Every structure is written in structure tokens, then in C-alpha cells.
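Written below as C-alpha cells is the structure these notes are about.
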Amino acid sequence: MQELPGPFPVGRYARKLQEELRRRARVRLVGEVTGVSRSKVQAYFELRDAEGAVPCAIWLDDLEKAGLPEGGLRDGAEVVVGGGPDYYPGGGQASPSFAFRATQVRLAGEGDLLARLAALRKQLRAEGLFELQKQLARPLLPKTIGVVTAEGGAARRDLLAGLARRGWAGTVVWAFAPVQDRRAAPAIGSAIQDLAAVPAVEAIVVTRGGGSLADLWAFCDETLCRTVAMLRVPVISAVGHERDSTLIDDVAAVACSTPTHAAEAAVPLDCRAARGELTRGAAALQRVGQGAVDARTRHLVSLARGPARALRRERAALNQKTREVRAASERGLAERRAFQRRLASVVLVRAARRAAGPEAQARREALRRAEVAFRAHEPERTLERGYALAEDAAGEPVATAAAARAAGRVRLRFADGRVGARIDEDGSEG
Amino acid sequence: MSEKPESYEAAVERLEQIIDRLDSGQAGLRETLELCREGRELVTYCSAELDAVSESLQELNLDELAARLEAEPREG
């Protein structure tokens, strides 16, 4: 072990320590006052923030000169003190002590708070604490929300009005807490943690009305803001008015300017509008579903009707053709008969002409015979005697058995009409 | 219902997908009918979720709720 200088008498060392500390630069410190106590000549307190604390002492004379308002030096007050470190070496009976010897003190102003806020903000941002809450999923339609606010505040009424405007009537769990004094930050912090511990709570709103930065200072509390940042339930902050910006706004999932907006952030879904959209969606589904079925049904029906319709069409065409063929063959037959009659009359006229003249009588007689002979040869005469004439489909005479076999079907013309006949080889043999 | 949606937003997202698919006209008859059935179930679910937060606002104090939650396990 290295040999250290000394040993020195402790009293002398204590004096040296006091001298050294008193030589340190005089500075101003800002922080929150706690643990105020007084002796006959001095006031004692701790000045602290989230990172640490320094014991302070001020002579009552100096305190009086500072001109603080009545009760200004109290627990929870944000103050700026000026002075430097000091050491009281104690004495024969008195205990030694260290203190920051304040010679000036004033309440912290907006500027001091803003400077502290800026420093805190920089630190928490650097630690990534602003992002954690913003990464949490916020339910579109929570059934239960938690709210931290002052019991009698206007913020409570405004929040309820905002929820009503959303058409939302779920469950609100109120956690009332002081929102402006030394007790506020720890109370708000534990209220938030208690709400987050309730499984049904899906989002937490922290809200209070406007005020000076000093009034809102609880919402810049470092411990509170770290608590909020680490929470697994989304926190919606609505502290102060639009121009006010507290540290809790930075760490929260959403920062709103008013309690009414906070209600909209806590319940992102406009329930009335959603119901309307749902009704339209249901109608669209019904329409599309029914439409699809109807369209397919029509298609199927048309497919099913197709063959029957085609068949009817074919049948009609066939009937038409049959009628046309029949008409054509009947027309052909009539024409042929007319031609035969014309031919017969020409033959008769020629025969009559030949009969005219000197041998008229003889010719007339010859003509009469010819006429008788001709008439005897007319098919009708033969038919009148019980014969039948076989004709094919075109009305042409079927004169031979071979022709009859070839035709397959013939029509037999009797004196009193026609009948159809099928050529049956076997029948002829029998 | 085939499977309960994870949340209201999940149900609405699926419903929008279904309507987009139906609107595209590319779904066959069987798929169309299946999507319509699923869509109707989702509408029913969403409607029930909306009903659950539409009746009347319930206000609880955290302390009361804590007392109630503490009482529940004993009752169970």
C-alpha cells in the first residue's frame, strides 16, 4: 500500500476543506424545494430533480431580502437559488455539515422551466422514450377506457361530451388525481399504472385544463414521463391548451390539444358513421350475392332452354321443308295433268282438221274411231276398269318391277284416288 | 360463425377485402356465395361490437373497480 501523506489533525483538514469549497465558482441552481425547515437564523431545504439533490441553507436575512411571496419557500416550489458550496466544520459539540450556501433565491420563472424542459426533452428523446408509446396499436373501438383527471375539472365534462359526439357509450374508468401541486406527478403516475393493470382498459386518457407552465409542471415530471413511456397501454395526453407543450405530450401515444380531441383519439371510430357504413356494406353484400345468383340462374336457364329451342327450331324447319316438298310435288303433278290435257286436245283438233274436206264423212268416221281408240288408251279408262297405276314420288309411272324395287315406295293411283304403298319383296313372293 | 375476428378493425379490414373481391367480378359463383356468407358474419360481429358500446355509458371509479376485481376471485 502506498504511503499517504499525514496524518493531519482533522480540525485543520476540515478548515482546509471549507476554504477549498468556498473557492469554487458561485452558480445558480434550479430545482424543486423539499423538506423545508427553519432554525432561528437559517432555513434549510433540499433542492432536487430526478437526477439528484443538494442540501441547501440560507440565512433568514438573505431569505427576507429575496422578497419571495408569503409561503414561497415551500415543498414542491420550483426555485432558482444562487450561491456556492460550503462546509461547516462543526465544533466541540456541533456536528459538521455540508450545504449549498444560498444567498439568493427566487421562484423559477417560465424561462427557467422551459430551459429545464428542453434539457429533459433532449435526454428522453435521446433515450428513444418518445417512440415507445407511438408504436403501440390503438384499438379502433375500445369497450373500456381509463381516464386520469381532476375530479371536479371541466376536462371531465369536455371528455364526456367528446365521447357522446362519437356515439360511444362504453365503460369509462375514472382515476381522479390532483393535477397541480407537488403531489400531482406521483399521484398521476400511480393512477396511470393502476389503470394499465386493469385488463379491460384498452386506452388511457390523461387530461387537465390549461394553465401556466408552472401549473402544468407535474406533467413534465421526469419519473411520470418515464412511467408513461414504458407503459404497454396507449396513453392519450390532453394537458393544457394548444400552445402548451408538456413532456407527457412527447412520450404519449397521441398528444391532443383538448379533452374533446382526446375523446376522439381514445375512440378513433365514429360509431354512428360506422353503423351507417356497416348497413351499406351489408346491403352491398346482399346485392352482390343475390346478383351473382340471379345472373347464374339466368345463364343456367338459358342453357337449359337451348336444346329444346334448337329442337323446336329444327322441327319447324323440317315441317316447312316437308310442306314445301309436298306443295312442289302436287304442283308438278297438276302441271303434268294440265299438259296432258292440252296435248290431248291438240291431237283432237289436228284429227278434226284432217277429217275436214271432201272425205269429210270418212274422216269424221275415222276421227270418231280415233277418238274412241284414244279414249280407250287414256289411263283413266283403264283405271275405271279396276286397274291401278304405280307412280313414284314425282308422279312418274313406275312401269317395271325393277323400278318399283328401286323406288321402295310408290303411290298406287286408282280411279277414285291414290294410296301410298311400300314395295315388299317378300310379299310379292308369297 | 367460422372464426371470431381478432378485433373490430380486423373484421372491417376483411370485410373491405371481401367487397373489393366481389366488386372485381372475378369470383366464381361458389366463391361469391362463400364470401357473401363470411361477409354477413363479419357484419353481424361488427354490429354486435357497436351495440356493446351504444347502450348507455357506464362510469366506474378506479377504486370501485379495484374492489370489484378483488371480490371476483373469491366469488369464483
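So you can find residues: chains in the C-alpha cells are A, B, ... in the order shown, residues in each start at 1, and ligands are numbered from 1 in order.
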May I have the residues of chain A within 7 Å of chain B, counting only C-alpha atoms, written as a list in words? Leu140, Leu141, Lys143, Gly167, Trp168, Ala169, Gly170, Thr171, Val172, Val173, Trp174, Ala175, Cys271, Leu278, Ala282, Leu285, Val288, Gly289 and Ala292 of chain A
Do you know which residues are at most 7 Å from Tyr44 of chain A counting only C-alpha atoms, after dropping those on the same chain fewer than 5 positions away, and could you put them as JSON, numbers by chain? {"A": [36, 37, 38, 56, 57, 58]}
Those in chain B with strand (DSSP E) from DSSP, as JSON, numbers by chain: {"B": [58, 59, 60, 61]}
